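Please read the structure below before turning to the comments.
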Amino acid sequence: MRRSLILMGLTGLLPIVVLGSAYGAVTLREQRAALDRQATLASRSTARLVGREIAATLDAVKMISRSPTLDGGIDRPRFTLLGLRLLQDHPNWAALSVADSDGNRLLDLPSPIGGRLGKVVDPVSLARAVRTRQPQVGHVIRGAGLTAFAVRAPVLNRGAAPYVVSAVIPITAMQHLLFAEEIPPGWRLRIFDKRGAVIAQSGATAREAMQSVVTAVPESGWQVEVAVPRGSFAALTRQAQIVLIGGSIVALALFAALTFALMIELRRFRQRQAATLQAQRLEALGRLTGGVAHDLNNLLTPILGGLDLLRARIGEDAKALRYIDSATSSAERARTLVARLLAYAKRQALTPEAIDVGGLLADLHELLQRSAGPTIACTIRSAADLPAVRADRNQLELAVLNLVINARDAIQTDGRVSGTIIVETRLPRRDEARGLARGDYLALAVHDDGCGMDAATLRRAMEPFFTTKAGDRGTGLGLSMVHGFAEQSSGRLMLESAPGQGTSATLILPATDAPAPTLDTLRERPTRTAEILLVDDDPAVREAAAEVLRAHGHLVAEAESLSQGMAALNHAPGTALVITDYMMPGGTGGEFITRARDAGLPQPFLLLTGYTDAAEDLPGDVPQLRKPFRERELLDAVDALLG
C-alpha cells in the first residue's frame, strides 16, 4: 500500500515538472489547444454534474416505482403519504405523478397539475418507458405556467408495466449546475435537451463569433455546450503563466484528494470482497442444505405414508398402535427439522397459517435456551388470551432463533458470561402498529441486557451484511432476514436500543381469528373415487402414494417419467386427475403440465415437490403438496381437485 502511494505521488509530480520545463518552448504553439482543452474540460465537467443529477433523480423515481403501495393497484393513502414525504426531500421537484400505461394521469402530488387530472403532456417518453421497461427522461415541455421535464420509471408487475411514476422537474432546478463550473468572462455555458430546447444557460449572451465544444450527457440524451469567444485566444497568451501556476496547485490538490479517495475506495473494496465471499459461502451451504433436505423429504414420504396405512390396518392392537404413534411422532419431528433446513436454505415459499405463538415459543424454549448458552437465562413470557398470528411457522421459528442468537452475542460482546434474554408476547402499542394495514396485530419481543447500540449502528442494523461482530462470528444477514420475513408477512421489525441499556427487537405480525391447527387426525373420506395418474421417478414415494389412494377406492395408474406420463394420458382419456413430481427424468413437472395443456388435455394437476428451487416453468394455478405428506394431506388435496 505504501509503495503504491509513493509511486502514484511520483507519477503525479512528473507531468508537472515536465510541463514547467517545456512551458517556454510550447506556450505559443499550444495556445489554441489549451483553450480548446479548457472548454472541453468545462463541458465534460458540467456534463458529469448533469449526469449525476439525472442519475440520482432516475434512481429516486425508480425506487418510488418499486414501492409496495403500487403493487396490484395504487394504495392512494399510503402512496400519498410517501409521495409528500419524498417531495419534502426533493424540493426541486414540482410534482410527483402516477399515470397508467395509456398516459392517463391517475394521481398528482401535491395537487393535480394544471388544476385537474388528464393526459400526460409528454406521451412519447411515457410510451418509451412502458415499452422498454426502463426509466426515461422526457422532453422539455412549456405549459400550465411551468416549463419542465419529467423523469419517469415504469412500475413493473409480472412482466407488465401498468403504471408509470413521474417526477416533474422545472428547468430552473438545473440552473445551479451551471454555476458549479466557473467559466471565464465572455464564455457561454448551455444545456440542451434531445430536441435542442435550452434547459439552462449562464455566461455571455452577446452575439459574437464563438467556437463551441459540445459534450453529450448519456444518462439523459442531453448536451452541454461551452461557447468560447474567438477573442479569448489572444487573452490566453497573457494569462498562460498564471494559468500554469494555478493549474499546478489545483493538480496537487486534486492529487491529494485522489489519494485520499483511493484509500477509502480500497478499504470499501476489501469490505465488499469479504461480503461477497461470505454470500457465496452461504449460497453454497444453502444449496447443500436444500439438496440434503430434498432427499430426506423423499425418504420420509413413504415412511409417513406407510405408517398411516399400517394404522388403518392394525385394528385395535393397542401395543402396535403405540409403536406406530411413536414412529409417526419421530417422523413428524424429522419432517419439522427438514422444513427448518429448507427455510434456512431458502428453498421453499412461505406458507402462512394460523399460529399459536405461545405454544410455538413453549416448543422452542429448549432450543432457545441451548442456543443462548448455560450462563444466559432465556425466559418466555406470554400474555393470556392472545390471538393467533398468520405467518409461516418455519420462518417465524427461524426469526425468533436469530433474534435470540443476536441477543446472546450482544450480552457476550463486552466479555460478560451471564445475562438475561426475555422473549415476550403481548398486544402491540399503538405507535408500534402505526402505518400498517388496518387490523389486529400481535407483538413478539426479544429483550436483552447486552451492550446495546448507538444511534449510528441502530440506523444500519437491518442492512444486509452490516455487522459489528468479528468476521468469524457474524454474517450481517440475521436481522435483515428477520426484517424481510416481517415485511413479507405484512408486519414489521422494530429495534429499540441505547449503549449500555440493552436492545429490544419487536416483531409485529398480523393477528387472525382462524384457529391454530391441532394435531393431525384422520377423518372420514368422501365416497367419490376416480382414475388418477401418478408420475414420480422415486419408486418408494410412488408406491406409498399409490397405496394410500387405492386404499380409499381410487384407480391409480403409475408412470416414472414425463414421456411415460404423456403416453399414459393419451391412452387413458378417462383420467380425472394427474399427480406429478417436479424433478424427474425427461423434464420437470412444469414442462409436463405445459405439454399436457398445449395438447388440449383437460385434467387438473397436483404437484408433489420436496422444494421448487427455481420452478419458473410452473403455472401459477397448479396446487402444490409438499413432501413429506401425510395420508390426510394427500387425500384432502385430491378431494379439493376432484370436488
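Numbering starts fresh at 1 for the residues of each chain in the C-alpha cells, the chains themselves are lettered A, B, ... in the order given, and ligands are numbered from 1 as they appear.
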When DSSP is applied to the backbone of this structure, which of region 42-131 of chain A are assigned strand (DSSP E or B)? Write them out as a PyMOL selection string. chain A and resi 95-100+104-109+119
Who sits within 12 Å of Leu364 (chain A), only C-alpha atoms, same chain under 2 positions skipped, as number ranges by chain: A: 357-362, 366-371, 378-380, 393-394, 396-401, 404, 423
Show me, as a JSON list (two decimals) with N, CA and C atoms, in the first residue's frame, the residues that have an atom within 6 Å of Ala388 (chain A) when counting only C-alpha atoms, minus same-chain residues fewer than 3 positions from it.
```
[["chain", "number", "residue", "atom", "x", "y", "z"],
["A", 354, "ALA", "N", -52.37, -20.10, 10.63],
["A", 354, "ALA", "CA", -52.65, -19.57, 11.96],
["A", 354, "ALA", "C", -51.72, -20.25, 12.97],
["A", 355, "ILE", "N", -51.03, -19.43, 13.78],
["A", 355, "ILE", "CA", -50.03, -19.97, 14.71],
["A", 355, "ILE", "C", -50.33, -19.45, 16.11],
["A", 356, "ASP", "N", -50.40, -20.37, 17.06],
["A", 356, "ASP", "CA", -50.46, -20.00, 18.48],
["A", 356, "ASP", "C", -49.02, -19.70, 18.91],
["A", 511, "ALA", "N", -52.60, -10.46, 13.29],
["A", 511, "ALA", "CA", -53.36, -11.47, 14.02],
["A", 511, "ALA", "C", -54.45, -12.02, 13.12],
["A", 512, "THR", "N", -54.98, -13.19, 13.48],
["A", 512, "THR", "CA", -56.04, -13.82, 12.71],
["A", 512, "THR", "C", -57.04, -14.45, 13.66]]
```
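One finds CA of Val140 (chain A) at 8.5 Å from CA of Val198 (chain A).
Omitting Arg188 (chain A) and its sequence neighbours fewer than 3 positions away, and counting only C-alpha atoms, the residues within 6 Å are Ser202, Gly203, Ala204, Val226 and Ala227 of chain A.
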Could the residues in this selection be saved with all heavy atoms as a PDB file, in the first residue's frame?
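Result file selection08.pdb:
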```pdb
ATOM      1  N   SER A 202     -25.832  30.081 -18.789  1.00  0.00           N
ATOM      2  CA  SER A 202     -25.109  31.065 -17.995  1.00  0.00           C
ATOM      3  C   SER A 202     -24.003  31.654 -18.845  1.00  0.00           C
ATOM      4  O   SER A 202     -23.600  31.081 -19.855  1.00  0.00           O
ATOM      5  CB  SER A 202     -24.514  30.414 -16.733  1.00  0.00           C
ATOM      6  OG  SER A 202     -23.471  29.524 -17.071  1.00  0.00           O
ATOM      7  N   GLY A 203     -23.508  32.810 -18.437  1.00  0.00           N
ATOM      8  CA  GLY A 203     -22.413  33.442 -19.164  1.00  0.00           C
ATOM      9  C   GLY A 203     -22.913  34.473 -20.158  1.00  0.00           C
ATOM     10  O   GLY A 203     -24.009  35.028 -20.029  1.00  0.00           O
ATOM     11  N   ALA A 204     -22.093  34.723 -21.161  1.00  0.00           N
ATOM     12  CA  ALA A 204     -22.354  35.805 -22.116  1.00  0.00           C
ATOM     13  C   ALA A 204     -23.576  35.522 -22.964  1.00  0.00           C
ATOM     14  O   ALA A 204     -23.882  34.383 -23.290  1.00  0.00           O
ATOM     15  CB  ALA A 204     -21.135  36.006 -23.013  1.00  0.00           C
ATOM     16  N   VAL A 226     -20.207  24.497 -24.380  1.00  0.00           N
ATOM     17  CA  VAL A 226     -19.373  25.604 -23.905  1.00  0.00           C
ATOM     18  C   VAL A 226     -18.934  26.384 -25.144  1.00  0.00           C
ATOM     19  O   VAL A 226     -18.267  25.837 -26.025  1.00  0.00           O
ATOM     20  CB  VAL A 226     -18.155  25.097 -23.115  1.00  0.00           C
ATOM     21  CG1 VAL A 226     -17.242  26.264 -22.761  1.00  0.00           C
ATOM     22  CG2 VAL A 226     -18.610  24.390 -21.841  1.00  0.00           C
ATOM     23  N   ALA A 227     -19.345  27.649 -25.202  1.00  0.00           N
ATOM     24  CA  ALA A 227     -19.004  28.515 -26.345  1.00  0.00           C
ATOM     25  C   ALA A 227     -17.956  29.535 -25.897  1.00  0.00           C
ATOM     26  O   ALA A 227     -18.132  30.226 -24.891  1.00  0.00           O
ATOM     27  CB  ALA A 227     -20.249  29.217 -26.869  1.00  0.00           C
TER      28      ALA A 227
END
```
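Minimum atom-to-atom distance to Asp122 (chain A), evaluated using only C-alpha atoms, belongs to A:Gly103 out of A:Gly186, A:Gly315, A:Gly145, A:Gly103.
CA of Pro68 (chain A) sits 19.6 Å away from CA of Tyr441 (chain A).
With only C-alpha atoms taken into account, the protein and nucleic acid residues at most 10 Å from Asp449 (chain A) (excluding it and anything under 5 positions from it in its own chain) are Ala407, Arg408, Ala410, Ile411, Ser418, Gly419, Thr420, Ile421, Ile422, Gly500, Gln501, Gly502, Thr503 and Ser504 of chain A.
Between CA of Asp537 (chain A) and CA of Leu310 (chain A) there is a distance of 23.9 Å.
Contact shell of Ser101 (chain A) at 8 Å (only C-alpha atoms; same-chain neighbours under 2 positions omitted): Ala99, Gly103, Asn104, Leu126, Ala127, Val130, Ala161, Pro162, Tyr163 and Val164 of chain A.
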Distance query Val214 (chain A) at most 12 Å, only C-alpha atoms, self and fewer than 2 positions along chain excluded, as a list in words: Asp36, Ala39, Thr40, Leu41, Ala42, Ser43, Arg44, Ser45, Thr46, Ala47, Arg188, Leu189, Arg190, Ile191, Phe192, Gln211, Ser212, Ala216, Val217, Trp222, Gln223, Val224, Glu225, Val226, Ala227 and Val228 of chain A
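Nearest-residue note for Gln624 (chain A): choosing from A:Ile141, A:Leu96, A:Leu82, A:Leu608, the minimum distance belongs to A:Leu608, counting only C-alpha atoms.
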From A:Glu631, A:Glu558, A:Asp598, A:Asp617, residue lying nearest Thr575 (chain A) [only C-alpha atoms]: A:Glu558
